[in-house]
file target-v2.txt (compact mmCIF, C-alpha atoms)
# COMPACT_ATOMS: atom_id res chain seq x y z
CA MET H 995 -60.49 52.07 60.89
CA THR H 996 -58.70 53.90 58.09
CA GLU H 997 -57.60 52.23 54.85
CA GLN H 998 -54.00 52.42 56.08
CA GLU H 999 -54.88 50.74 59.38
CA PHE H 1000 -56.78 48.05 57.50
CA LEU H 1001 -53.77 47.47 55.25
CA GLU H 1002 -51.48 47.11 58.26
CA TYR H 1003 -54.00 44.79 59.89
CA VAL H 1004 -54.14 42.36 56.95
CA GLN H 1005 -50.38 42.61 56.35
CA SER H 1006 -49.73 41.54 59.92
CA GLY H 1007 -51.83 38.41 59.36
CA GLY H 1008 -55.25 39.80 60.36
CA GLN H 1009 -58.36 38.26 58.80
CA VAL H 1010 -61.63 39.88 57.82
CA GLU H 1011 -65.20 38.54 58.02
CA THR H 1012 -68.12 39.33 55.71
CA ASP H 1013 -69.67 42.01 57.92
CA ASP H 1014 -66.42 43.74 58.89
CA TRP H 1015 -65.64 47.11 57.40
CA MET H 1016 -63.32 46.90 54.42
CA PRO H 1017 -61.98 49.46 51.94
CA ASP H 1018 -63.87 49.61 48.61
CA ASP H 1019 -60.70 48.77 46.70
CA TYR H 1020 -60.17 45.63 48.81
CA ARG H 1021 -63.76 44.52 48.23
CA ALA H 1022 -63.47 45.14 44.48
CA LYS H 1023 -60.18 43.21 44.25
CA LEU H 1024 -61.64 40.34 46.26
CA ILE H 1025 -64.70 40.09 44.04
CA LYS H 1026 -62.63 40.15 40.86
CA PHE H 1027 -60.18 37.53 42.11
CA ILE H 1028 -62.69 35.15 43.70
CA GLU H 1029 -65.13 35.48 40.79
CA MET H 1030 -62.38 34.48 38.36
CA HIS H 1031 -61.65 31.47 40.56
CA GLY H 1032 -65.34 30.49 40.47
CA ASN H 1033 -65.46 30.95 36.70
CA SER H 1034 -62.37 28.75 36.33
CA GLU H 1035 -63.90 25.94 38.37
CA LEU H 1036 -67.06 26.09 36.28
CA MET H 1037 -65.30 26.35 32.90
CA GLY H 1038 -62.61 23.90 33.98
CA VAL H 1039 -65.01 20.98 33.88
CA LEU H 1040 -65.74 21.43 30.20
CA PRO H 1041 -62.42 20.06 28.85
CA GLU H 1042 -62.90 16.97 31.04
CA ARG H 1043 -66.61 16.61 30.38
CA GLU H 1044 -65.78 16.07 26.71
CA TRP H 1045 -64.08 12.80 27.69
CA ILE H 1046 -66.64 11.28 30.07
CA LEU H 1047 -68.31 9.27 27.31
CA ARG H 1048 -64.95 8.27 25.83
CA ALA H 1049 -63.20 7.27 29.08
CA PRO H 1050 -61.42 3.92 28.60
CA THR H 1051 -63.01 2.00 31.50
CA LEU H 1052 -66.09 2.22 33.69
CA GLN H 1053 -63.90 3.06 36.70
CA ARG H 1054 -62.31 5.99 34.82
CA LYS H 1055 -65.74 7.16 33.67
CA LEU H 1056 -66.99 7.20 37.27
CA ALA H 1057 -63.87 8.95 38.55
CA LEU H 1058 -64.05 11.60 35.84
CA THR H 1059 -67.76 12.19 36.46
CA ALA H 1060 -67.09 12.57 40.19
CA LYS H 1061 -64.26 15.02 39.51
CA VAL H 1062 -66.53 17.11 37.30
CA GLN H 1063 -69.11 17.08 40.07
CA ASP H 1064 -66.47 18.19 42.61
CA GLU H 1065 -65.30 21.10 40.46
CA VAL H 1066 -68.84 22.36 39.89
CA GLY H 1067 -69.32 22.06 43.66
CA HIS H 1068 -66.27 24.28 44.14
CA ALA H 1069 -67.81 26.84 41.79
CA GLN H 1070 -70.95 26.82 43.95
CA LEU H 1071 -68.98 27.43 47.15
CA ILE H 1072 -66.93 30.17 45.52
CA TYR H 1073 -69.84 32.05 43.92
CA ARG H 1074 -71.56 31.98 47.34
CA VAL H 1075 -68.58 33.86 48.79
CA VAL H 1076 -68.69 36.37 45.92
CA GLU H 1077 -72.41 36.85 46.50
CA ASP H 1078 -71.83 37.80 50.15
CA LEU H 1079 -69.29 40.38 48.96
CA GLY H 1080 -71.93 42.06 46.84
CA LYS H 1081 -72.10 40.45 43.41
CA PRO H 1082 -75.03 38.04 42.89
CA ARG H 1083 -74.32 34.71 41.23
CA GLU H 1084 -76.58 35.46 38.27
CA ARG H 1085 -74.52 38.55 37.49
CA CYS H 1086 -71.30 36.53 37.72
CA LEU H 1087 -72.78 34.10 35.17
CA ASP H 1088 -73.97 36.98 32.94
CA ASP H 1089 -70.44 38.40 32.89
CA LEU H 1090 -68.92 34.98 32.30
CA VAL H 1091 -71.01 34.06 29.27
CA SER H 1092 -70.79 37.56 27.78
CA GLY H 1093 -66.99 37.36 27.99
CA LYS H 1094 -66.75 40.32 30.37
CA SER H 1095 -65.06 38.37 33.15
CA LYS H 1096 -62.17 35.98 32.81
CA PHE H 1097 -61.24 32.39 33.59
CA HIS H 1098 -57.90 30.61 33.78
CA ASN H 1099 -55.83 30.21 30.62
CA VAL H 1100 -55.63 26.41 30.78
CA PHE H 1101 -59.37 25.99 30.29
CA HIS H 1102 -59.35 27.69 26.89
CA TYR H 1103 -57.52 24.79 25.19
CA PRO H 1104 -58.84 21.64 23.54
CA THR H 1105 -58.61 18.18 25.13
CA GLU H 1106 -57.40 16.23 22.15
CA THR H 1107 -56.68 12.78 23.57
CA TRP H 1108 -57.03 10.74 26.76
CA GLY H 1109 -53.42 11.79 27.39
CA ASP H 1110 -54.62 15.39 27.75
CA VAL H 1111 -57.17 14.26 30.35
CA GLY H 1112 -54.33 12.72 32.38
CA VAL H 1113 -52.09 15.76 32.05
CA ILE H 1114 -54.94 18.09 33.05
CA ALA H 1115 -55.91 16.07 36.11
CA TRP H 1116 -52.30 15.64 37.19
CA LEU H 1117 -50.39 18.78 36.24
CA VAL H 1118 -53.08 21.42 35.79
CA ASP H 1119 -54.57 20.39 39.12
CA ALA H 1120 -51.08 20.38 40.65
CA ALA H 1121 -50.48 23.93 39.46
CA ALA H 1122 -53.91 24.92 40.75
CA ILE H 1123 -53.46 23.37 44.17
CA ILE H 1124 -50.25 25.38 44.66
CA SER H 1125 -52.23 28.59 44.10
CA GLN H 1126 -55.10 27.35 46.23
CA LYS H 1127 -52.95 26.28 49.18
CA ALA H 1128 -51.61 29.83 49.23
CA LEU H 1129 -55.22 30.98 49.69
CA LEU H 1130 -55.67 29.03 52.92
CA LYS H 1131 -54.12 32.08 54.62
CA CYS H 1132 -56.22 34.59 52.66
CA SER H 1133 -57.02 37.77 54.59
CA TYR H 1134 -60.70 37.25 53.71
CA ALA H 1135 -61.61 34.47 56.14
CA PRO H 1136 -64.79 33.06 54.50
CA TYR H 1137 -62.76 32.39 51.32
CA ALA H 1138 -59.92 30.82 53.32
CA ARG H 1139 -62.40 28.49 55.05
CA ILE H 1140 -63.96 27.08 51.88
CA MET H 1141 -60.47 26.63 50.47
CA LYS H 1142 -59.86 23.89 53.04
CA LYS H 1143 -62.50 21.70 51.47
CA ILE H 1144 -61.41 22.60 47.95
CA CYS H 1145 -57.75 21.72 48.60
CA TRP H 1146 -58.78 18.44 50.18
CA GLU H 1147 -60.69 17.41 47.05
CA GLU H 1148 -57.97 18.62 44.69
CA SER H 1149 -55.48 16.42 46.47
CA PHE H 1150 -57.21 13.27 45.26
CA HIS H 1151 -57.84 14.71 41.82
CA ILE H 1152 -54.06 14.89 41.43
CA LEU H 1153 -53.80 11.23 42.41
CA HIS H 1154 -56.47 10.35 39.87
CA GLY H 1155 -54.47 12.20 37.19
CA ARG H 1156 -51.20 10.61 38.18
CA ASP H 1157 -52.84 7.19 38.14
CA VAL H 1158 -54.11 7.81 34.59
CA ILE H 1159 -50.60 8.86 33.51
CA LEU H 1160 -48.82 5.95 35.25
CA THR H 1161 -51.22 3.45 33.72
CA MET H 1162 -50.49 4.78 30.25
CA MET H 1163 -46.74 4.95 30.87
CA ASN H 1164 -46.83 1.27 31.85
CA GLY H 1165 -48.81 0.45 28.71
CA THR H 1166 -47.86 0.37 25.03
CA ASP H 1167 -45.49 2.63 23.08
CA GLU H 1168 -48.52 4.25 21.54
CA GLN H 1169 -49.91 5.13 24.97
CA ARG H 1170 -46.56 6.56 26.08
CA GLU H 1171 -46.53 8.65 22.92
CA LEU H 1172 -50.01 10.01 23.73
CA VAL H 1173 -48.76 11.16 27.14
CA GLN H 1174 -45.63 12.76 25.68
CA GLU H 1175 -47.64 14.58 23.02
CA ALA H 1176 -50.09 15.83 25.62
CA LEU H 1177 -47.28 17.03 27.89
CA THR H 1178 -45.69 18.86 24.95
CA ARG H 1179 -49.01 20.54 24.16
CA TRP H 1180 -49.69 21.56 27.76
CA TRP H 1181 -46.24 22.71 28.86
CA GLY H 1182 -46.61 26.26 27.49
CA PRO H 1183 -49.99 26.92 29.13
CA LEU H 1184 -48.74 25.29 32.37
CA MET H 1185 -45.75 27.63 32.53
CA GLN H 1186 -48.05 30.60 31.93
CA PHE H 1187 -50.56 29.43 34.54
CA HIS H 1188 -49.16 31.28 37.57
CA GLY H 1189 -48.91 34.57 35.70
CA ASN H 1190 -46.12 36.96 34.85
CA PRO H 1191 -43.26 37.28 37.34
CA ILE H 1192 -44.46 40.61 38.78
CA SER H 1193 -42.77 41.15 42.14
CA LYS H 1194 -45.14 40.33 44.93
CA GLU H 1195 -44.62 43.73 46.57
CA GLU H 1196 -46.21 45.24 43.45
CA ASP H 1197 -49.00 42.68 43.17
CA PRO H 1198 -52.22 44.16 44.60
CA MET H 1199 -53.45 40.65 45.43
CA PHE H 1200 -50.40 40.15 47.64
CA ILE H 1201 -50.46 43.68 49.06
CA TRP H 1202 -53.99 43.05 50.37
CA ARG H 1203 -52.90 39.53 51.43
CA ILE H 1204 -55.58 37.95 49.27
CA LYS H 1205 -52.75 35.73 48.00
CA SER H 1206 -49.91 34.81 50.31
CA GLN H 1207 -47.26 34.23 47.67
CA GLY H 1208 -46.00 35.78 44.46
CA ASN H 1209 -46.46 34.37 40.97
CA GLU H 1210 -42.86 33.32 40.46
CA GLU H 1211 -42.75 31.69 43.89
CA ALA H 1212 -45.74 29.56 42.86
CA ARG H 1213 -44.16 28.60 39.53
CA GLN H 1214 -40.87 27.63 41.22
CA GLN H 1215 -42.81 25.48 43.65
CA PHE H 1216 -44.61 23.80 40.75
CA LEU H 1217 -41.34 23.09 38.91
CA ASP H 1218 -39.66 21.85 42.05
CA GLY H 1219 -42.48 19.50 42.91
CA TYR H 1220 -43.38 18.13 39.50
CA VAL H 1221 -40.48 18.27 37.04
CA PRO H 1222 -38.67 15.44 38.88
CA GLN H 1223 -41.91 13.42 38.79
CA ILE H 1224 -42.19 14.03 35.03
CA TRP H 1225 -38.56 13.14 34.39
CA GLU H 1226 -38.62 9.92 36.40
CA LEU H 1227 -41.22 8.53 34.00
CA GLY H 1228 -38.89 9.06 31.04
CA LEU H 1229 -40.96 11.94 29.68
CA THR H 1230 -39.34 14.96 28.06
CA VAL H 1231 -40.24 18.48 29.08
CA PRO H 1232 -40.28 20.52 25.86
CA ASP H 1233 -37.92 23.23 27.10
CA PRO H 1234 -34.19 22.83 26.38
CA ASN H 1235 -33.37 25.59 28.89
CA LEU H 1236 -35.14 23.96 31.84
CA ARG H 1237 -32.72 23.17 34.68
CA LYS H 1238 -32.32 23.61 38.38
CA ASN H 1239 -29.44 25.87 39.37
CA GLU H 1240 -27.11 25.12 42.24
CA ASP H 1241 -28.93 27.70 44.34
CA GLY H 1242 -32.12 25.66 43.90
CA VAL H 1243 -33.80 28.07 41.48
CA TRP H 1244 -35.30 26.69 38.28
CA GLU H 1245 -34.34 28.31 35.00
CA TYR H 1246 -36.61 28.06 32.01
CA THR H 1247 -37.43 29.66 28.69
CA GLU H 1248 -39.52 32.78 29.18
CA PRO H 1249 -43.18 31.75 28.90
CA ASP H 1250 -45.17 33.32 26.09
CA TRP H 1251 -46.91 36.15 27.93
CA ALA H 1252 -48.49 37.45 24.73
CA GLU H 1253 -50.22 34.08 24.30
CA LEU H 1254 -51.43 34.19 27.92
CA LYS H 1255 -52.93 37.63 27.44
CA HIS H 1256 -54.47 36.71 24.11
CA VAL H 1257 -56.03 33.54 25.54
CA VAL H 1258 -57.45 34.92 28.79
CA THR H 1259 -58.99 37.90 27.03
CA GLY H 1260 -61.24 35.46 25.22
CA HIS H 1261 -59.23 34.40 22.18
CA GLY H 1262 -58.17 30.87 23.10
CA PRO H 1263 -58.75 28.00 20.67
CA GLN H 1264 -61.82 26.73 22.56
CA THR H 1265 -63.03 29.93 24.25
CA ALA H 1266 -65.96 30.69 21.96
CA GLU H 1267 -67.20 27.11 21.77
CA ARG H 1268 -67.11 26.56 25.54
CA LEU H 1269 -68.78 29.86 26.36
CA GLU H 1270 -71.47 29.01 23.83
CA LEU H 1271 -72.07 25.68 25.56
CA ARG H 1272 -72.31 27.49 28.91
CA ARG H 1273 -74.81 29.96 27.42
CA THR H 1274 -76.93 27.19 25.93
CA THR H 1275 -77.06 25.03 29.06
CA ARG H 1276 -77.82 28.07 31.19
CA ALA H 1277 -80.79 28.91 28.99
CA GLU H 1278 -81.93 25.28 28.92
CA THR H 1279 -81.92 25.02 32.73
CA GLU H 1280 -83.57 28.38 33.36
CA TRP H 1281 -86.91 26.65 34.00
CA VAL H 1282 -85.36 24.62 36.84
CA ARG H 1283 -84.26 27.73 38.71
CA ARG H 1284 -87.62 29.37 38.08
CA THR H 1285 -89.50 26.32 39.32
CA VAL H 1286 -87.39 25.96 42.45
CA LEU H 1287 -88.01 29.58 43.41
CA SER H 1288 -91.74 29.46 42.71
CA GLU H 1289 -92.27 26.09 44.44
CA ALA H 1290 -90.67 27.43 47.56
CA ALA H 1291 -92.53 30.74 47.48
CA MET W 229 -74.35 38.89 61.05
CA GLY W 230 -77.12 39.33 58.54
CA ALA W 231 -76.30 42.44 56.58
CA PRO W 232 -74.92 40.78 53.43
CA ASP W 233 -78.30 39.15 52.75
CA ARG W 234 -79.10 42.28 50.83
CA PHE W 235 -76.89 41.01 48.00
CA VAL W 236 -78.57 37.66 47.59
CA ARG W 237 -81.03 36.79 44.83
CA SER W 238 -84.66 37.45 45.67
CA GLY W 239 -86.52 34.40 46.95
CA VAL W 240 -83.51 32.77 48.58
CA ASN W 241 -82.12 32.90 52.08
CA VAL W 242 -78.65 32.27 53.33
CA TYR W 243 -77.98 29.36 55.67
CA GLU W 244 -74.66 29.03 57.48
CA VAL W 245 -73.18 25.54 57.46
CA PHE W 246 -71.13 24.14 60.33
CA ARG W 247 -69.49 20.77 59.97
CA GLN W 248 -68.17 18.19 62.37
CA GLU W 249 -65.31 16.17 60.99
CA ARG W 250 -65.27 13.40 63.59
CA LYS W 251 -67.52 12.42 66.47
CA GLY W 252 -66.68 14.39 69.58
CA GLN W 253 -65.02 17.26 67.74
CA ALA W 254 -66.29 20.82 67.74
CA PHE W 255 -68.50 21.93 64.86
CA GLN W 256 -66.65 24.43 62.71
CA HIS W 257 -68.00 27.01 60.34
CA ALA W 258 -67.50 25.67 56.80
CA GLY W 259 -69.38 28.08 54.54
CA SER W 260 -72.91 28.93 53.53
CA VAL W 261 -75.58 27.93 51.06
CA ALA W 262 -78.30 30.08 49.47
CA ALA W 263 -81.62 28.26 49.27
CA PRO W 264 -85.31 29.03 48.87
CA ASP W 265 -86.27 26.96 51.94
CA SER W 266 -84.83 24.63 54.56
CA ALA W 267 -85.44 21.49 52.46
CA PHE W 268 -83.26 22.88 49.67
CA ALA W 269 -80.77 24.18 52.21
CA GLU W 270 -80.43 20.64 53.55
CA ALA W 271 -79.98 19.20 50.07
CA TYR W 272 -77.35 21.79 49.12
CA ALA W 273 -75.49 21.43 52.41
CA ARG W 274 -75.38 17.64 52.01
CA GLU W 275 -74.08 18.00 48.44
CA GLN W 276 -71.53 20.68 49.16
CA TYR W 277 -70.23 19.69 52.58
CA GLY W 278 -71.00 16.03 53.13
CA ARG W 279 -70.86 14.29 49.78
CA ARG W 280 -67.39 12.78 50.09
CA GLY W 281 -67.64 11.58 53.68
CA GLU W 282 -65.75 14.62 54.93
CA SER W 283 -68.28 15.32 57.69
CA VAL W 284 -70.09 13.15 60.24
CA ALA W 285 -72.68 15.85 60.98
CA LEU W 286 -73.73 19.29 59.75
CA TRP W 287 -75.55 22.16 61.42
CA VAL W 288 -77.48 24.21 58.89
CA VAL W 289 -78.67 27.45 60.43
CA PRO W 290 -80.58 30.38 58.87
CA ARG W 291 -78.13 33.29 58.96
CA ASP W 292 -80.80 35.50 60.54
CA SER W 293 -80.98 33.11 63.49
CA VAL W 294 -77.34 33.50 64.38
CA LEU W 295 -76.95 35.95 67.22
CA GLU W 296 -73.45 37.34 66.99
CA ILE W 297 -71.76 38.99 69.91
CA ASP W 298 -68.38 40.48 69.17
CA GLU W 299 -67.87 43.23 71.71
CA PHE W 300 -66.65 42.41 75.17
CA VAL W 301 -66.15 45.57 77.16
CA ASP W 302 -63.99 45.31 80.27
CA GLU W 303 -65.16 48.50 82.00
CA LEU W 304 -63.78 47.61 85.40
CA GLN W 305 -60.40 46.39 84.14
CA LYS W 306 -60.97 43.06 85.84
CA ASN W 307 -57.52 41.70 85.15
CA TYR W 308 -57.40 39.71 88.40
CA HIS W 309 -58.99 36.73 86.60
CA ARG W 310 -56.47 36.72 83.78
CA VAL W 311 -52.85 35.78 83.47
CA ASP W 312 -51.92 39.34 82.44
CA GLY W 313 -53.19 40.55 85.83
CA TYR W 314 -50.10 39.15 87.49
CA PRO W 315 -46.88 40.71 86.15
CA LEU W 316 -44.43 39.10 88.53
CA LYS W 317 -41.16 39.82 86.78
CA GLU W 318 -40.27 43.13 88.44
CA LYS W 319 -41.49 42.06 91.86
CA LEU W 320 -39.56 38.80 91.68
CA LYS W 321 -36.41 40.64 90.68
CA GLU W 322 -36.78 42.97 93.64
CA ALA W 323 -37.48 40.06 96.02
CA ARG W 324 -34.40 38.18 94.83
CA GLU W 325 -32.23 41.25 95.26
CA ARG W 326 -33.61 41.66 98.76
CA ALA W 327 -32.82 38.03 99.58
CA GLY W 328 -29.45 38.15 97.83
CA THR W 329 -30.27 35.10 95.61
CA ALA W 330 -30.02 34.55 91.85
CA ALA W 331 -32.63 33.15 89.44
CA PRO W 332 -32.83 29.28 89.71
CA ALA W 333 -31.32 28.84 86.23
CA ASP W 334 -28.22 30.84 87.21
CA ARG W 335 -27.52 28.90 90.38

call {"tool": "encode", "arguments": {"input": "target-v2.txt", "output": "structure tokens"}}
result
Amino acid sequence: MTEQEFLEYVQSGGQVETDDWMPDDYRAKLIKFIEMHGNSELMGVLPEREWILRAPTLQRKLALTAKVQDEVGHAQLIYRVVEDLGKPRERCLDDLVSGKSKFHNVFHYPTETWGDVGVIAWLVDAAAIISQKALLKCSYAPYARIMKKICWEESFHILHGRDVILTMMNGTDEQRELVQEALTRWWGPLMQFHGNPISKEEDPMFIWRIKSQGNEEARQQFLDGYVPQIWELGLTVPDPNLRKNEDGVWEYTEPDWAELKHVVTGHGPQTAERLELRRTTRAETEWVRRTVLSEAA
Amino acid sequence: MGAPDRFVRSGVNVYEVFRQERKGQAFQHAGSVAAPDSAFAEAYAREQYGRRGESVALWVVPRDSVLEIDEFVDELQKNYHRVDGYPLKEKLKEARERAGTAAPADR
């Protein structure tokens, strides 16, 4: 099979298994994309972890702990897929803690209040599930298969987040204010989440059918699904230009792409602190991995 | 299968995990786990594919034990046991013309 034939195969909906021949560029793009997804799952638990001990009720504490466990589980599934493509998990973790590889913009920001926890679980997970659902048709079949389980778990994480938000919105003025402040803080990063509006025909991830939709398509889907849900609670989206046109397309203020680039290249407000925590815990648990391997040997 | 094991950390093997969602349904490939032995493979598979009640049973199989067959050569063109061995359209058209009848839908 030539590279051109492979391209036509995936573009016509064909899927590839681990042992099938694939062009080097496709393999490299897959590794980069899937590794960043794994990194994001692993780093994404840190903003929530900070609130486990401060969760307002036992039920919330349990739910948050379970969500953290789920997300780390996703990282395990995803790194396993990367490993089969040729990059061992330990090297993924080396590159993560050294800042060589990236993770999603939203996980570089602080979680200031319980309102942020609700907004993350509801809207960040909502934005993420839109991207992840588009991966169910990924041309690399082993990745598409694990995405089924991941999407299933994300669907109740969103409910957990929405439940946190609804509870606060039905509470005191102070609680409503916490939610509004959190939404205001998170709106910028949420609008940047799906990436710049590069046309999908020019997006290598779409060309190889790793993703099945373009960035702007994903953002429009997010706005269409969630802005009405935000508005119906009496919350204000901090963008005076946000509106849905008659043709059904959402208009909005251009997201701050410079901020996105700055943050994902390792300069977010919490980047250094969270990577340091990852480095420390990795070193502290080294003996566990060593013991497991030697016990079994 | 088997080749990608070369990428895995030393001391661990890959086990393929198949899950059954409900009793009576077919087991479907879900993913894989990398583990130093079958006891760890079981623990990881339980954690990663059965923790939330999403499966009623799992098959955890060492990747090396999976015998994959993906070539099915049809040297003798035995199309008489397949639907595509019976292209009736042209013959039916000719038979109708001979009998001077139209297709049932046109009558």

call {"tool": "closest_residue", "arguments": {"input": "target-v2.txt", "among": "H:Trp1281, H:Trp1015, H:Trp1181, H:Trp1116", "to": "Tyr1246 of chain H", "atoms": "all atoms listed in the file"}}
result
H:Trp1181

call {"tool": "closest_atom_pairs", "arguments": {"input": "target-v2.txt", "of": "chain W", "to": "chain H", "cutoff": "12 Å", "atoms": "all atoms listed in the file", "output": "tab-separated table"}}
result
residue	atom	partner	partner_atom	distance
W:Met229	CA	H:Asp1013	CA	6.4
W:Gly230	CA	H:Asp1013	CA	7.9
W:Ala231	CA	H:Asp1013	CA	6.8
W:Pro232	CA	H:Asp1078	CA	5.4
W:Asp233	CA	H:Asp1078	CA	7.1
W:Arg234	CA	H:Gly1080	CA	8.2
W:Phe235	CA	H:Gly1080	CA	5.2
W:Val236	CA	H:Pro1082	CA	5.9
W:Arg237	CA	H:Pro1082	CA	6.4
W:Ser238	CA	H:Leu1287	CA	8.8
W:Gly239	CA	H:Leu1287	CA	6.2
W:Val240	CA	H:Leu1287	CA	7.6
W:Asn241	CA	H:Leu1287	CA	11.0
W:Val242	CA	H:Arg1074	CA	9.3
W:Tyr243	CA	H:Arg1074	CA	10.8
W:Glu244	CA	H:Arg1074	CA	11.0
W:Val245	CA	H:Ile1140	CA	10.9
W:Phe246	CA	H:Arg1139	CA	11.1
W:Arg247	CA	H:Lys1143	CA	11.0
W:Glu249	CA	H:Lys1143	CA	11.4
W:Gln256	CA	H:Arg1139	CA	9.7
W:His257	CA	H:Arg1139	CA	7.8
W:Ala258	CA	H:Arg1139	CA	6.1
W:Gly259	CA	H:Ile1140	CA	6.1
W:Ser260	CA	H:Arg1074	CA	7.0
W:Val261	CA	H:Arg1074	CA	6.8
W:Ala262	CA	H:Arg1074	CA	7.3
W:Ala263	CA	H:Leu1287	CA	8.8
W:Pro264	CA	H:Ala1290	CA	5.7
W:Asp265	CA	H:Ala1290	CA	6.2
W:Ser266	CA	H:Ala1290	CA	9.5
W:Ala267	CA	H:Ala1290	CA	9.3
W:Phe268	CA	H:Val1286	CA	8.9
W:Ala269	CA	H:Ala1290	CA	11.4
W:Tyr272	CA	H:Gln1070	CA	9.6
W:Ala273	CA	H:Leu1071	CA	10.3
W:Arg274	CA	H:Gly1067	CA	11.2
W:Glu275	CA	H:Gly1067	CA	7.9
W:Gln276	CA	H:Gly1067	CA	6.1
W:Tyr277	CA	H:Lys1143	CA	8.1
W:Gly278	CA	H:Lys1143	CA	10.4
W:Arg279	CA	H:Asp1064	CA	9.3
W:Arg280	CA	H:Glu1147	CA	8.7
W:Gly281	CA	H:Glu1147	CA	11.2
W:Glu282	CA	H:Lys1143	CA	8.5
W:Ser283	CA	H:Lys1143	CA	10.6
W:Arg291	CA	H:Asp1078	CA	11.7
W:Glu296	CA	H:Asp1013	CA	10.9
W:Asp298	CA	H:Asp1014	CA	11.0

call {"tool": "axis_aligned_box", "arguments": {"input": "target-v2.txt", "around": "segment 297-303 of chain W", "padding_each_side": "5 Å", "output": "lines of an AutoDock Vina configuration file"}}
result
center_x = -67.9
center_y = 43.7
center_z = 75.6
size_x = 17.8
size_y = 19.5
size_z = 22.8

call {"tool": "atom_distance", "arguments": {"input": "target-v2.txt", "atom1": "atom CA of Lys1194 of chain H", "atom2": "atom CA of Leu1217 of chain H"}}
result
18.7 Å

call {"tool": "closest_residue", "arguments": {"input": "target-v2.txt", "among": "W:Ala285, W:Glu318, W:Val294, W:Ala271", "to": "Ala254 of chain W", "atoms": "only C-alpha atoms"}}
result
W:Ala285

call {"tool": "atom_distance", "arguments": {"input": "target-v2.txt", "atom1": "atom CA of Phe1216 of chain H", "atom2": "atom CA of Asp1197 of chain H"}}
result
19.5 Å

call {"tool": "atom_distance", "arguments": {"input": "target-v2.txt", "atom1": "atom CA of Ser1034 of chain H", "atom2": "atom CA of Gln1264 of chain H"}}
result
13.9 Å

call {"tool": "closest_residue", "arguments": {"input": "target-v2.txt", "among": "H:Ile1204, H:His1031, H:Thr1059, H:Gly1109", "to": "Leu1130 of chain H", "atoms": "only C-alpha atoms"}}
result
H:Ile1204

call {"tool": "closest_residue", "arguments": {"input": "target-v2.txt", "among": "H:Glu1226, H:Asp1119, H:Asp1089, H:Asp1250", "to": "Ser1149 of chain H", "atoms": "all atoms listed in the file"}}
result
H:Asp1119

call {"tool": "closest_residue", "arguments": {"input": "target-v2.txt", "among": "H:Lys1094, H:Arg1048, H:Lys1127, H:Arg1170", "to": "Lys1205 of chain H", "atoms": "only C-alpha atoms"}}
result
H:Lys1127

call {"tool": "residues_near_point", "arguments": {"input": "target-v2.txt", "point": "(-67.9, 28.4, 34.6)", "cutoff": "9 Å", "atoms": "all atoms listed in the file", "output": "ChimeraX atom specification"}}
result
/H:1032-1040,1066,1069,1087,1090-1091,1097,1269,1272

call {"tool": "decode", "arguments": {"input": "target-v2.txt", "residues": "segment 1211-1241 of chain H", "atoms": "C-alpha atoms", "output": "short mmCIF file (atom, residue, chain, number, x, y, z; two decimals), in the first residue's frame"}}
result
data_model
loop_
_atom_site.label_atom_id
_atom_site.label_comp_id
_atom_site.auth_asym_id
_atom_site.auth_seq_id
_atom_site.Cartn_x
_atom_site.Cartn_y
_atom_site.Cartn_z
CA GLU H 1211 -17.40 22.73 14.13
CA ALA H 1212 -16.65 21.47 17.64
CA ARG H 1213 -16.85 24.96 19.15
CA GLN H 1214 -20.18 25.66 17.41
CA GLN H 1215 -21.52 22.39 18.77
CA PHE H 1216 -20.39 23.36 22.26
CA LEU H 1217 -22.05 26.79 22.04
CA ASP H 1218 -25.22 25.34 20.60
CA GLY H 1219 -25.51 22.71 23.29
CA TYR H 1220 -24.48 24.66 26.36
CA VAL H 1221 -25.08 28.40 26.00
CA PRO H 1222 -28.87 27.90 26.27
CA GLN H 1223 -28.28 25.77 29.38
CA ILE H 1224 -26.13 28.53 30.88
CA TRP H 1225 -28.63 31.26 30.04
CA GLU H 1226 -31.64 29.42 31.43
CA LEU H 1227 -30.04 29.51 34.88
CA GLY H 1228 -29.82 33.31 34.76
CA LEU H 1229 -26.05 33.27 34.35
CA THR H 1230 -24.27 35.79 32.14
CA VAL H 1231 -21.74 34.70 29.55
CA PRO H 1232 -18.97 37.32 29.64
CA ASP H 1233 -19.04 38.06 25.91
CA PRO H 1234 -21.23 40.95 24.70
CA ASN H 1235 -20.88 39.75 21.09
CA LEU H 1236 -22.18 36.23 21.73
CA ARG H 1237 -25.35 35.51 19.75
CA LYS H 1238 -26.84 32.94 17.45
CA ASN H 1239 -27.42 34.18 13.91
CA GLU H 1240 -30.53 33.38 11.92
CA ASP H 1241 -28.56 30.81 9.94
#
